[in-house]
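I have placed the structure first, in the form of structure tokens, so that the comments after it can refer back to it.
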Amino acid sequence: MSSTSEELEDYFLTNFDLWYNALESVTFKSQIIELTEKQILSFIYNNLHFNEFKEEIKNLNLPLLTQEEITMELQYLENKTNQLMASSFNHCKSDNNNNCKNDNYCKDKFYFIKLSCRSPKDAFAMSDKLKHLFKEKCKYFDIDNTLQQDNTLQNNNNNLQQKLNENFIINEKLKFIYESMIESMKIKEFKEAYFYLQNSYRILEDFILYFKQKQQLNTKQPKMEMKLIIREWIDIPLCNEFRCFIYNDKLRAISQYYDVCYFKELQQNKNEIKDKLEIFINEKVNNLLKNSKLQNNKKYICDLAIGKDGNIYVIELNPYSDTTDTCLFSWKRDEKVLKESEHVEFRIREKELKKEQLKHEIISIWIPLLFP
């Protein structure tokens, strides 16, 4: 995981705390907790992937902590996080009638916790919680009824009909997996979030990169600080997340975010969605960022969501670099489109992937779920 000073600086260039204040009106309500060095070290030493980075961490000459110090630091952080959840997010449906007896654990309240750079998405993707949610969704999946309702699957050729049905069912199950992963990210207290932070390879990578940056810049404090972000949870339909590529302050391309899934809704409303997202980036995001700490950053990747209420939200900003996934685009093959296109190119998946294709597109742990 070797990185130059320039690469490290670019990596942290779109950190959450650098854009949140500017885009607060168009994103999910959030609270930011600045992590101390001891808290960061506690996360590192308690991460389940520590041994995979043992030599690299050793070369950083990081201060050692006793287990007692680690426990104390994490307990303090847990108390602070839970207090912020209880006091800063008032969206309980019972609030107006003052009927909510225990608002901190109200069934209507959920949160998402991440670092200022990335989330522990990899830990959610492999969690037992995901597998349980997926099995529940499959249990109530009425295949015959769903197939009958979708007239695009009707064909007189029996062999072709069977193939269409198979691809359709696999695509639906794939959507169940992603929905289960997203739902597994909903948490109510720090203890649950910590389990995923502790199990995340990505989180440990980011903490190590933080200390690398600090040492390469040779300063007491790194240019970018590491923070814990608590975000209000809002349910977003799976098909309604998009990745937008901005280069030289101009929107060049858009891709559906969950790019291995086929969504009939996107095909039916492609032009309308493209126009809405384009207007939002040009009239909202770009203008708001002009007064932010990112005002000199002319290239970035912005993830957007269209809520059930029709409103568009900024999910997060990502660095414009090959560390960020391009979804239905390619950094190499589509370089000209992503940097120079004068007309926004919007890519969606036009049909379901076949079984043989999917096996190369999804993480290996999901293959037994899709193809038992």
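Identifiers in the structure tokens: chain A, B, ... in order shown; residue index from 1 per chain; ligand index from 1 in order shown.
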
Pick out the residues sitting within 6 Å of segment 229-241 of chain A, and hand them over as an mmCIF file with N, CA, C and O atoms, in the first residue's frame; count only C-alpha atoms, and ignore anything fewer than 6 positions along from it in its own chain.
data_model
loop_
_atom_site.group_PDB
_atom_site.id
_atom_site.type_symbol
_atom_site.label_atom_id
_atom_site.label_comp_id
_atom_site.auth_asym_id
_atom_site.auth_seq_id
_atom_site.Cartn_x
_atom_site.Cartn_y
_atom_site.Cartn_z
ATOM 1 N N PHE A 28 -27.804 14.557 3.775
ATOM 2 C CA PHE A 28 -28.431 14.030 4.981
ATOM 3 C C PHE A 28 -27.837 14.708 6.220
ATOM 4 O O PHE A 28 -26.627 14.923 6.299
ATOM 5 N N LYS A 29 -28.681 14.990 7.180
ATOM 6 C CA LYS A 29 -28.223 15.626 8.419
ATOM 7 C C LYS A 29 -27.150 14.766 9.067
ATOM 8 O O LYS A 29 -27.286 13.549 9.158
ATOM 9 N N SER A 30 -26.084 15.406 9.524
ATOM 10 C CA SER A 30 -24.930 14.662 10.046
ATOM 11 C C SER A 30 -24.295 15.364 11.226
ATOM 12 O O SER A 30 -24.435 16.579 11.399
ATOM 13 N N GLN A 31 -23.569 14.596 12.016
ATOM 14 C CA GLN A 31 -22.743 15.126 13.095
ATOM 15 C C GLN A 31 -21.322 14.605 12.916
ATOM 16 O O GLN A 31 -21.116 13.474 12.467
ATOM 17 N N ILE A 32 -20.357 15.436 13.266
ATOM 18 C CA ILE A 32 -18.941 15.106 13.054
ATOM 19 C C ILE A 32 -18.217 15.054 14.401
ATOM 20 O O ILE A 32 -18.330 15.969 15.209
ATOM 21 N N PHE A 110 -32.704 5.566 12.790
ATOM 22 C CA PHE A 110 -31.529 4.786 12.424
ATOM 23 C C PHE A 110 -30.450 5.740 11.929
ATOM 24 O O PHE A 110 -30.724 6.868 11.501
ATOM 25 N N TYR A 111 -29.203 5.255 11.973
ATOM 26 C CA TYR A 111 -28.061 6.084 11.597
ATOM 27 C C TYR A 111 -27.090 5.262 10.744
ATOM 28 O O TYR A 111 -27.153 4.031 10.704
ATOM 29 N N PHE A 112 -26.201 5.993 10.115
ATOM 30 C CA PHE A 112 -25.114 5.370 9.367
ATOM 31 C C PHE A 112 -23.825 6.013 9.854
ATOM 32 O O PHE A 112 -23.737 7.242 9.953
ATOM 33 N N ILE A 113 -22.835 5.187 10.182
ATOM 34 C CA ILE A 113 -21.574 5.723 10.696
ATOM 35 C C ILE A 113 -20.432 5.365 9.750
ATOM 36 O O ILE A 113 -20.320 4.232 9.284
ATOM 37 N N LYS A 114 -19.602 6.359 9.454
ATOM 38 C CA LYS A 114 -18.472 6.177 8.547
ATOM 39 C C LYS A 114 -17.325 7.061 9.015
ATOM 40 O O LYS A 114 -17.461 7.851 9.950
ATOM 41 N N LEU A 115 -16.191 6.936 8.348
ATOM 42 C CA LEU A 115 -15.089 7.876 8.575
ATOM 43 C C LEU A 115 -15.258 9.067 7.635
ATOM 44 O O LEU A 115 -16.092 9.054 6.728
ATOM 45 N N TYR A 257 -25.439 3.545 -9.853
ATOM 46 C CA TYR A 257 -24.433 3.175 -8.860
ATOM 47 C C TYR A 257 -24.291 1.657 -8.730
ATOM 48 O O TYR A 257 -23.183 1.127 -8.762
ATOM 49 N N LEU A 304 -25.097 10.731 -5.920
ATOM 50 C CA LEU A 304 -26.401 11.340 -5.683
ATOM 51 C C LEU A 304 -27.461 10.269 -5.467
ATOM 52 O O LEU A 304 -27.323 9.137 -5.939
ATOM 53 N N ALA A 305 -28.530 10.653 -4.774
ATOM 54 C CA ALA A 305 -29.674 9.753 -4.571
ATOM 55 C C ALA A 305 -30.958 10.530 -4.794
ATOM 56 O O ALA A 305 -31.056 11.708 -4.436
ATOM 57 N N ILE A 306 -31.934 9.867 -5.393
ATOM 58 C CA ILE A 306 -33.274 10.439 -5.515
ATOM 59 C C ILE A 306 -34.147 9.736 -4.488
ATOM 60 O O ILE A 306 -34.350 8.519 -4.546
ATOM 61 N N GLY A 307 -34.637 10.494 -3.517
ATOM 62 C CA GLY A 307 -35.430 9.913 -2.439
ATOM 63 C C GLY A 307 -36.830 9.534 -2.879
ATOM 64 O O GLY A 307 -37.282 9.879 -3.980
#

Practice prompt. Find the residues near segment 14-19 of chain A: any atom within 7 Å, counting only C-alpha atoms, skip ones fewer than 6 places away on the same chain, and give them as number ranges by chain.
Written response: A: 116-117, 292-294, 317-319

Practice prompt. Please provide the set of residues having any atom within 8 Å of segment 183-192 of chain A, restricted to only C-alpha atoms, with same-chain residues fewer than 2 positions apart removed, written as a ChimeraX atom specification.
Written response: /A:78,81-82,85,105,109-113,124,129-130,133,179-181,194-196,233

Practice prompt. Rank nothing, just name the residue among A:Gln215, A:Glu205, A:Phe134, A:Lys359 nearest to Ile177 of chain A, using only C-alpha atoms.
Written response: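 Closest to Ile177 of chain A, using only C-alpha atoms: A:Phe134.
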
Worksheet item: Any idea what the distance is between atom CA of Lys121 of chain A and atom CA of Glu37 of chain A?
Response: 23.1 Å

Worksheet item: Which residues, written as a list in words, have at least one atom at most 8 Å from Arg202 of chain A, with only C-alpha atoms counted and residues fewer than 4 positions away on the same chain left out?
Response: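 Neighbouring residues, sequence-local ones excluded: Arg118, Ser119, Pro120, Lys121, Asp122 and Asp206 of chain A.
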
Save out the residues we just selected, N, CA, C and O atoms, as a compact mmCIF listing (two decimals), in the first residue's frame.
# COMPACT_ATOMS: atom_id res chain seq x y z
N ARG A 118 -13.96 7.12 4.09
CA ARG A 118 -14.73 5.97 3.60
C ARG A 118 -15.56 5.33 4.70
O ARG A 118 -15.41 5.63 5.88
N SER A 119 -16.39 4.40 4.28
CA SER A 119 -17.25 3.65 5.22
C SER A 119 -16.75 2.20 5.30
O SER A 119 -16.00 1.75 4.44
N PRO A 120 -17.20 1.46 6.31
CA PRO A 120 -16.83 0.03 6.41
C PRO A 120 -17.72 -0.84 5.52
O PRO A 120 -18.21 -1.89 5.93
N LYS A 121 -17.92 -0.41 4.28
CA LYS A 121 -18.82 -1.10 3.35
C LYS A 121 -18.43 -2.56 3.14
O LYS A 121 -19.29 -3.43 2.97
N ASP A 122 -17.14 -2.82 3.15
CA ASP A 122 -16.67 -4.19 2.92
C ASP A 122 -17.11 -5.13 4.05
O ASP A 122 -17.40 -6.31 3.82
N ASP A 206 -7.45 3.13 5.64
CA ASP A 206 -7.55 4.59 5.71
C ASP A 206 -6.80 5.15 6.92
O ASP A 206 -6.17 6.21 6.84

Worksheet entry | For Ile57 of chain A, the nearest of the candidates A:Tyr320, A:Phe207, A:Tyr140, A:Trp331, counting only C-alpha atoms | A:Phe207

Item to complete: Write out as number ranges by chain all residues of segment 196-319 of chain A that backbone DSSP assigns to alpha helix (DSSP H).
Response: A: 196-199, 201-216, 264-268, 270-280, 286-289

Residues as selected, N, CA and C atoms, written as a compact mmCIF listing (two decimals), in the first residue's frame, can you do that?
# COMPACT_ATOMS: atom_id res chain seq x y z
N TYR A 196 -18.61 -3.27 12.84
CA TYR A 196 -18.28 -3.22 11.41
C TYR A 196 -16.99 -2.44 11.16
N LEU A 197 -16.77 -1.38 11.92
CA LEU A 197 -15.51 -0.64 11.80
C LEU A 197 -14.32 -1.53 12.14
N GLN A 198 -14.50 -2.36 13.16
CA GLN A 198 -13.45 -3.27 13.61
C GLN A 198 -13.18 -4.37 12.59
N ASN A 199 -14.19 -4.73 11.80
CA ASN A 199 -14.08 -5.82 10.83
C ASN A 199 -13.71 -5.34 9.43
N TYR A 201 -11.54 -3.93 6.40
CA TYR A 201 -10.21 -3.79 5.80
C TYR A 201 -10.01 -2.35 5.32
N ARG A 202 -11.07 -1.78 4.72
CA ARG A 202 -11.00 -0.41 4.19
C ARG A 202 -10.70 0.61 5.29
N ILE A 203 -11.33 0.43 6.45
CA ILE A 203 -11.15 1.38 7.55
C ILE A 203 -9.71 1.34 8.05
N LEU A 204 -9.16 0.13 8.20
CA LEU A 204 -7.77 0.02 8.64
C LEU A 204 -6.83 0.64 7.60
N GLU A 205 -7.10 0.41 6.34
CA GLU A 205 -6.30 1.02 5.26
C GLU A 205 -6.28 2.54 5.39
N ASP A 206 -7.45 3.13 5.64
CA ASP A 206 -7.55 4.59 5.71
C ASP A 206 -6.80 5.15 6.92
N PHE A 207 -6.87 4.45 8.05
CA PHE A 207 -6.13 4.91 9.22
C PHE A 207 -4.62 4.85 8.97
N ILE A 208 -4.17 3.81 8.29
CA ILE A 208 -2.74 3.69 7.97
C ILE A 208 -2.32 4.80 7.01
N LEU A 209 -3.16 5.07 6.01
CA LEU A 209 -2.87 6.16 5.06
C LEU A 209 -2.81 7.51 5.76
N TYR A 210 -3.65 7.68 6.77
CA TYR A 210 -3.65 8.91 7.56
C TYR A 210 -2.28 9.14 8.20
N PHE A 211 -1.73 8.10 8.84
CA PHE A 211 -0.43 8.25 9.48
C PHE A 211 0.69 8.37 8.45
N LYS A 212 0.54 7.71 7.32
CA LYS A 212 1.54 7.86 6.25
C LYS A 212 1.59 9.30 5.77
N GLN A 213 0.41 9.89 5.61
CA GLN A 213 0.36 11.27 5.15
C GLN A 213 1.01 12.19 6.18
N LYS A 214 0.73 11.94 7.43
CA LYS A 214 1.29 12.75 8.50
C LYS A 214 2.82 12.71 8.48
N GLN A 215 3.37 11.51 8.25
CA GLN A 215 4.82 11.37 8.23
C GLN A 215 5.46 11.94 6.97
N GLN A 216 4.81 11.74 5.83
CA GLN A 216 5.38 12.23 4.57
C GLN A 216 5.36 13.75 4.48
N LYS A 264 -35.60 -1.91 -14.50
CA LYS A 264 -36.55 -1.52 -15.54
C LYS A 264 -36.95 -0.04 -15.37
N GLU A 265 -37.01 0.42 -14.10
CA GLU A 265 -37.40 1.81 -13.83
C GLU A 265 -36.46 2.81 -14.48
N LEU A 266 -35.16 2.48 -14.48
CA LEU A 266 -34.18 3.39 -15.08
C LEU A 266 -34.34 3.46 -16.59
N GLN A 267 -34.61 2.33 -17.20
CA GLN A 267 -34.79 2.30 -18.65
C GLN A 267 -36.02 3.12 -19.06
N GLN A 268 -37.07 3.03 -18.24
CA GLN A 268 -38.31 3.73 -18.57
C GLN A 268 -38.20 5.24 -18.36
N LYS A 270 -35.10 7.11 -18.17
CA LYS A 270 -33.70 7.48 -18.32
C LYS A 270 -33.50 8.96 -18.62
N ASN A 271 -34.19 9.49 -19.59
CA ASN A 271 -33.98 10.90 -19.99
C ASN A 271 -34.40 11.86 -18.89
N GLU A 272 -35.54 11.56 -18.26
CA GLU A 272 -36.02 12.43 -17.18
C GLU A 272 -35.03 12.45 -16.02
N ILE A 273 -34.51 11.28 -15.65
CA ILE A 273 -33.54 11.19 -14.54
C ILE A 273 -32.26 11.94 -14.90
N LYS A 274 -31.77 11.74 -16.10
CA LYS A 274 -30.55 12.42 -16.55
C LYS A 274 -30.70 13.94 -16.43
N ASP A 275 -31.83 14.46 -16.90
CA ASP A 275 -32.06 15.91 -16.86
C ASP A 275 -32.10 16.41 -15.42
N LYS A 276 -32.76 15.68 -14.53
CA LYS A 276 -32.86 16.10 -13.12
C LYS A 276 -31.49 16.13 -12.45
N LEU A 277 -30.69 15.09 -12.69
CA LEU A 277 -29.36 15.02 -12.07
C LEU A 277 -28.44 16.10 -12.62
N GLU A 278 -28.53 16.33 -13.92
CA GLU A 278 -27.67 17.33 -14.56
C GLU A 278 -27.98 18.72 -14.01
N ILE A 279 -29.26 19.05 -13.89
CA ILE A 279 -29.66 20.35 -13.35
C ILE A 279 -29.19 20.49 -11.90
N PHE A 280 -29.33 19.42 -11.13
CA PHE A 280 -28.96 19.46 -9.72
C PHE A 280 -27.46 19.71 -9.54
N ASN A 286 -22.38 22.46 -7.82
CA ASN A 286 -21.24 23.27 -8.26
C ASN A 286 -21.28 24.67 -7.66
N ASN A 287 -22.46 25.27 -7.59
CA ASN A 287 -22.57 26.63 -7.02
C ASN A 287 -22.29 26.64 -5.53
N LEU A 288 -22.82 25.65 -4.81
CA LEU A 288 -22.59 25.61 -3.36
C LEU A 288 -21.12 25.36 -3.02
N LEU A 289 -20.44 24.55 -3.83
CA LEU A 289 -19.04 24.23 -3.55
C LEU A 289 -18.10 25.41 -3.82

Discussion item. Just the number, please: distance in Å from atom CA of Leu251 of chain A to atom CA of Lys284 of chain A, one decimal.
Written reply: 12.3 Å

Practice prompt. Please indicate the distance in Å from atom CA of Glu166 of chain A to atom CA of Glu356 of chain A, rounded to one decimal place.
Written response: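 It comes out at 12.0 Å.
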
Worksheet item: Pick from A:Ser364, A:Asn165, A:Tyr11, A:Asn248: nearest to Asn296 of chain A, with only C-alpha atoms counted?
Response: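 Comparing A:Ser364, A:Asn165, A:Tyr11, A:Asn248 against Asn296 of chain A, the winner is A:Asn248.
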
Item to complete: Counting only C-alpha atoms, figure out which residue out of A:Glu24, A:Asp259, A:Glu283, A:Glu55 gets nearest to Lys351 of chain A.
Response: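 Once distances to Lys351 of chain A are computed over only C-alpha atoms, the minimum belongs to A:Asp259.
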
Please identify the strand (DSSP E) residues within segment 40-130 of chain A (assignment by DSSP from backbone atoms) and present them as a PDB file with N, CA, C and O atoms, in the first residue's frame.
ATOM      1  N   TYR A 111     -29.203   5.255  11.973  1.00  0.00           N
ATOM      2  CA  TYR A 111     -28.061   6.084  11.597  1.00  0.00           C
ATOM      3  C   TYR A 111     -27.090   5.262  10.744  1.00  0.00           C
ATOM      4  O   TYR A 111     -27.153   4.031  10.704  1.00  0.00           O
ATOM      5  N   PHE A 112     -26.201   5.993  10.115  1.00  0.00           N
ATOM      6  CA  PHE A 112     -25.114   5.370   9.367  1.00  0.00           C
ATOM      7  C   PHE A 112     -23.825   6.013   9.854  1.00  0.00           C
ATOM      8  O   PHE A 112     -23.737   7.242   9.953  1.00  0.00           O
ATOM      9  N   ILE A 113     -22.835   5.187  10.182  1.00  0.00           N
ATOM     10  CA  ILE A 113     -21.574   5.723  10.696  1.00  0.00           C
ATOM     11  C   ILE A 113     -20.432   5.365   9.750  1.00  0.00           C
ATOM     12  O   ILE A 113     -20.320   4.232   9.284  1.00  0.00           O
ATOM     13  N   LYS A 114     -19.602   6.359   9.454  1.00  0.00           N
ATOM     14  CA  LYS A 114     -18.472   6.177   8.547  1.00  0.00           C
ATOM     15  C   LYS A 114     -17.325   7.061   9.015  1.00  0.00           C
ATOM     16  O   LYS A 114     -17.461   7.851   9.950  1.00  0.00           O
ATOM     17  N   LEU A 115     -16.191   6.936   8.348  1.00  0.00           N
ATOM     18  CA  LEU A 115     -15.089   7.876   8.575  1.00  0.00           C
ATOM     19  C   LEU A 115     -15.258   9.067   7.635  1.00  0.00           C
ATOM     20  O   LEU A 115     -16.092   9.054   6.728  1.00  0.00           O
TER      21      LEU A 115
END
